[in-house]
Amino acid sequence: MLEKLRELRDLNGKLVLITAASSGLGKLVAYEMAMRGANVVLCARNLTALRKVADKCKEISQTNSYVVELDVSDPDAIDRQLSHILQDIGPVDVLINSAGFGIFEPFQNFEMDKAENMFRVNVLGLMYVTQRIAQQMIKSGRGHIFNIASVAGKIATPKSSIYSATKFAVIGFSNALRLELRPLGVQVTTVNPGPMDTNFFRRTPESSKYFDSVKFLALSPEKVAHQITNAVGYTRREINAPLYMEAIHRGYEWFPTLGDRLASSPLFNRK
């Protein structure tokens, strides 16, 4: 089975499906994949922005770029659009589950309809897409799934209770799924980035204020996109960026009381 997975290291002509491809990390992954010769299926709600990304992908490498309107919070839309992709475009070799959003507010004031929506997008939508594409990958005997989680799924901090809960769920789901799918030729890699300089934190004034306070720690999303693309076809369990955040996570596991104190310190409590 690993031999078939290795075939994906040459992305030329392979089909890569990316959710939330209209902006942020998803967009940059699309550019990286196109640069390596992949045909990309770009999914998001914003068709105008998607078409611009598709045009740029074609400009980069003259590969095929497909635009599919998709709201991952809508199971019926997922079923309908993925059926279209698999029947009319072709089998997916690589899936990038990039859709997700965060709202950073104290839990006691958090509106639960927003919490439900965050779980529907960040967790359930990812699961719906993954299940359908994984079924096809199993039939093909190969595939690689990247689930974009977050360092917040390993290190929880104040005002990230709901967001961290969704990302803890993504990591737990991915860890179990990896064990199920690897014997079938499908690799699952979890991507856990820290804050990145994208529009992710521009959804609300509170999130923008938080990002401004930690901007000095922000990752280059281009670098993360490059790491994801380079991991295709390899049995890599996780991509953690920056590496010092993974070191902090390991220390947190060994010294949880100290970890709680640090997570509550001004450095991590700037939201």
# chains A, B, ... in the order shown; residues from 1 in each chain; ligands from 1
$ select_by_dssp --residues "segment 30-259 of chain A" --states "alpha helix (DSSP H)" --output "JSON, numbers by chain"
{"A": [30, 31, 32, 33, 34, 35, 47, 48, 49, 50, 51, 52, 53, 54, 55, 56, 57, 58, 59, 60, 61, 75, 76, 77, 78, 79, 80, 81, 82, 83, 84, 112, 113, 114, 115, 116, 117, 118, 119, 126, 127, 128, 129, 130, 131, 132, 133, 134, 135, 136, 137, 138, 139, 140, 161, 162, 163, 164, 165, 166, 167, 168, 169, 170, 171, 172, 173, 174, 175, 176, 177, 178, 179, 180, 181, 205, 206, 207, 208, 209, 210, 211, 212, 213, 214, 221, 222, 223, 224, 225, 226, 227, 228, 229, 230, 231, 243, 244, 245, 246, 247, 248, 249, 250, 251, 252, 253, 254, 256, 257, 258, 259]}
$ residues_around --residues "segment 44-54 of chain A" --least-positions-apart "4" --cutoff "9 Å" --atoms "only C-alpha atoms" --output "ChimeraX atom specification"
/A:18-23,27,30-31,40,58-59,64-72,99
$ closest_residue --among "A:Met33, A:Ile103, A:Ile239, A:Ala115" --to "Thr189 of chain A" --atoms "only C-alpha atoms"
A:Ile239
$ select_by_dssp --residues "segment 65-116 of chain A" --states "strand (DSSP E)" --output "list in words"
Ser65, Tyr66, Val67, Val68, Glu69, Val94, Leu95, Ile96 and Asn97 of chain A
$ write_last_selection --atoms "all heavy atoms" --output "mmCIF file, in the first residue's frame"
data_model
loop_
_atom_site.group_PDB
_atom_site.id
_atom_site.type_symbol
_atom_site.label_atom_id
_atom_site.label_comp_id
_atom_site.auth_asym_id
_atom_site.auth_seq_id
_atom_site.Cartn_x
_atom_site.Cartn_y
_atom_site.Cartn_z
ATOM 1 N N SER A 65 -7.762 23.952 -13.346
ATOM 2 C CA SER A 65 -8.268 24.479 -12.080
ATOM 3 C C SER A 65 -9.783 24.524 -12.149
ATOM 4 O O SER A 65 -10.345 25.162 -13.041
ATOM 5 C CB SER A 65 -7.704 25.883 -11.817
ATOM 6 O OG SER A 65 -6.297 25.855 -11.731
ATOM 7 N N TYR A 66 -10.424 23.851 -11.220
ATOM 8 C CA TYR A 66 -11.876 23.765 -11.210
ATOM 9 C C TYR A 66 -12.427 24.543 -10.022
ATOM 10 O O TYR A 66 -11.853 24.503 -8.921
ATOM 11 C CB TYR A 66 -12.324 22.304 -11.114
ATOM 12 C CG TYR A 66 -11.756 21.428 -12.199
ATOM 13 C CD1 TYR A 66 -10.565 20.722 -11.992
ATOM 14 C CD2 TYR A 66 -12.391 21.299 -13.424
ATOM 15 C CE1 TYR A 66 -10.033 19.911 -12.980
ATOM 16 C CE2 TYR A 66 -11.868 20.479 -14.429
ATOM 17 C CZ TYR A 66 -10.688 19.793 -14.192
ATOM 18 O OH TYR A 66 -10.167 18.997 -15.181
ATOM 19 N N VAL A 67 -13.525 25.230 -10.238
ATOM 20 C CA VAL A 67 -14.156 26.046 -9.202
ATOM 21 C C VAL A 67 -15.495 25.419 -8.818
ATOM 22 O O VAL A 67 -16.337 25.170 -9.680
ATOM 23 C CB VAL A 67 -14.369 27.493 -9.704
ATOM 24 C CG1 VAL A 67 -15.248 28.273 -8.749
ATOM 25 C CG2 VAL A 67 -13.021 28.180 -9.894
ATOM 26 N N VAL A 68 -15.663 25.151 -7.514
ATOM 27 C CA VAL A 68 -16.896 24.530 -7.024
ATOM 28 C C VAL A 68 -17.391 25.307 -5.809
ATOM 29 O O VAL A 68 -16.672 25.416 -4.804
ATOM 30 C CB VAL A 68 -16.675 23.054 -6.639
ATOM 31 C CG1 VAL A 68 -17.951 22.451 -6.057
ATOM 32 C CG2 VAL A 68 -16.202 22.245 -7.840
ATOM 33 N N GLU A 69 -18.585 25.856 -5.902
ATOM 34 C CA GLU A 69 -19.172 26.554 -4.761
ATOM 35 C C GLU A 69 -19.556 25.533 -3.690
ATOM 36 O O GLU A 69 -20.263 24.566 -3.960
ATOM 37 C CB GLU A 69 -20.409 27.333 -5.195
ATOM 38 C CG GLU A 69 -21.026 28.184 -4.088
ATOM 39 C CD GLU A 69 -22.205 29.001 -4.575
ATOM 40 O OE1 GLU A 69 -22.679 28.749 -5.711
ATOM 41 O OE2 GLU A 69 -22.646 29.888 -3.833
ATOM 42 N N VAL A 94 -5.543 13.955 -3.389
ATOM 43 C CA VAL A 94 -5.144 14.655 -2.160
ATOM 44 C C VAL A 94 -6.290 15.557 -1.731
ATOM 45 O O VAL A 94 -6.853 16.298 -2.548
ATOM 46 C CB VAL A 94 -3.870 15.508 -2.381
ATOM 47 C CG1 VAL A 94 -3.467 16.216 -1.085
ATOM 48 C CG2 VAL A 94 -2.721 14.641 -2.897
ATOM 49 N N LEU A 95 -6.638 15.485 -0.444
ATOM 50 C CA LEU A 95 -7.681 16.343 0.126
ATOM 51 C C LEU A 95 -7.061 17.264 1.163
ATOM 52 O O LEU A 95 -6.368 16.798 2.085
ATOM 53 C CB LEU A 95 -8.775 15.490 0.781
ATOM 54 C CG LEU A 95 -9.794 16.225 1.657
ATOM 55 C CD1 LEU A 95 -10.604 17.224 0.830
ATOM 56 C CD2 LEU A 95 -10.718 15.231 2.364
ATOM 57 N N ILE A 96 -7.308 18.562 1.033
ATOM 58 C CA ILE A 96 -6.860 19.552 2.009
ATOM 59 C C ILE A 96 -8.101 20.138 2.676
ATOM 60 O O ILE A 96 -8.820 20.944 2.073
ATOM 61 C CB ILE A 96 -6.044 20.689 1.360
ATOM 62 C CG1 ILE A 96 -4.963 20.136 0.419
ATOM 63 C CG2 ILE A 96 -5.449 21.591 2.430
ATOM 64 C CD1 ILE A 96 -3.848 19.405 1.101
ATOM 65 N N ASN A 97 -8.380 19.737 3.913
ATOM 66 C CA ASN A 97 -9.513 20.273 4.670
ATOM 67 C C ASN A 97 -9.066 21.549 5.380
ATOM 68 O O ASN A 97 -8.583 21.525 6.507
ATOM 69 C CB ASN A 97 -9.998 19.248 5.688
ATOM 70 C CG ASN A 97 -10.921 18.216 5.083
ATOM 71 O OD1 ASN A 97 -11.871 18.543 4.380
ATOM 72 N ND2 ASN A 97 -10.641 16.946 5.349
#
$ atom_distance --atom1 "atom CA of Leu17 of chain A" --atom2 "atom CA of Leu179 of chain A"
22.1 Å
$ residues_around --residues "Thr190 of chain A" --least-positions-apart "6" --cutoff "7 Å" --atoms "only C-alpha atoms" --output "JSON, numbers by chain"
{"A": [146, 147, 148, 149, 171, 174, 237, 238, 239]}
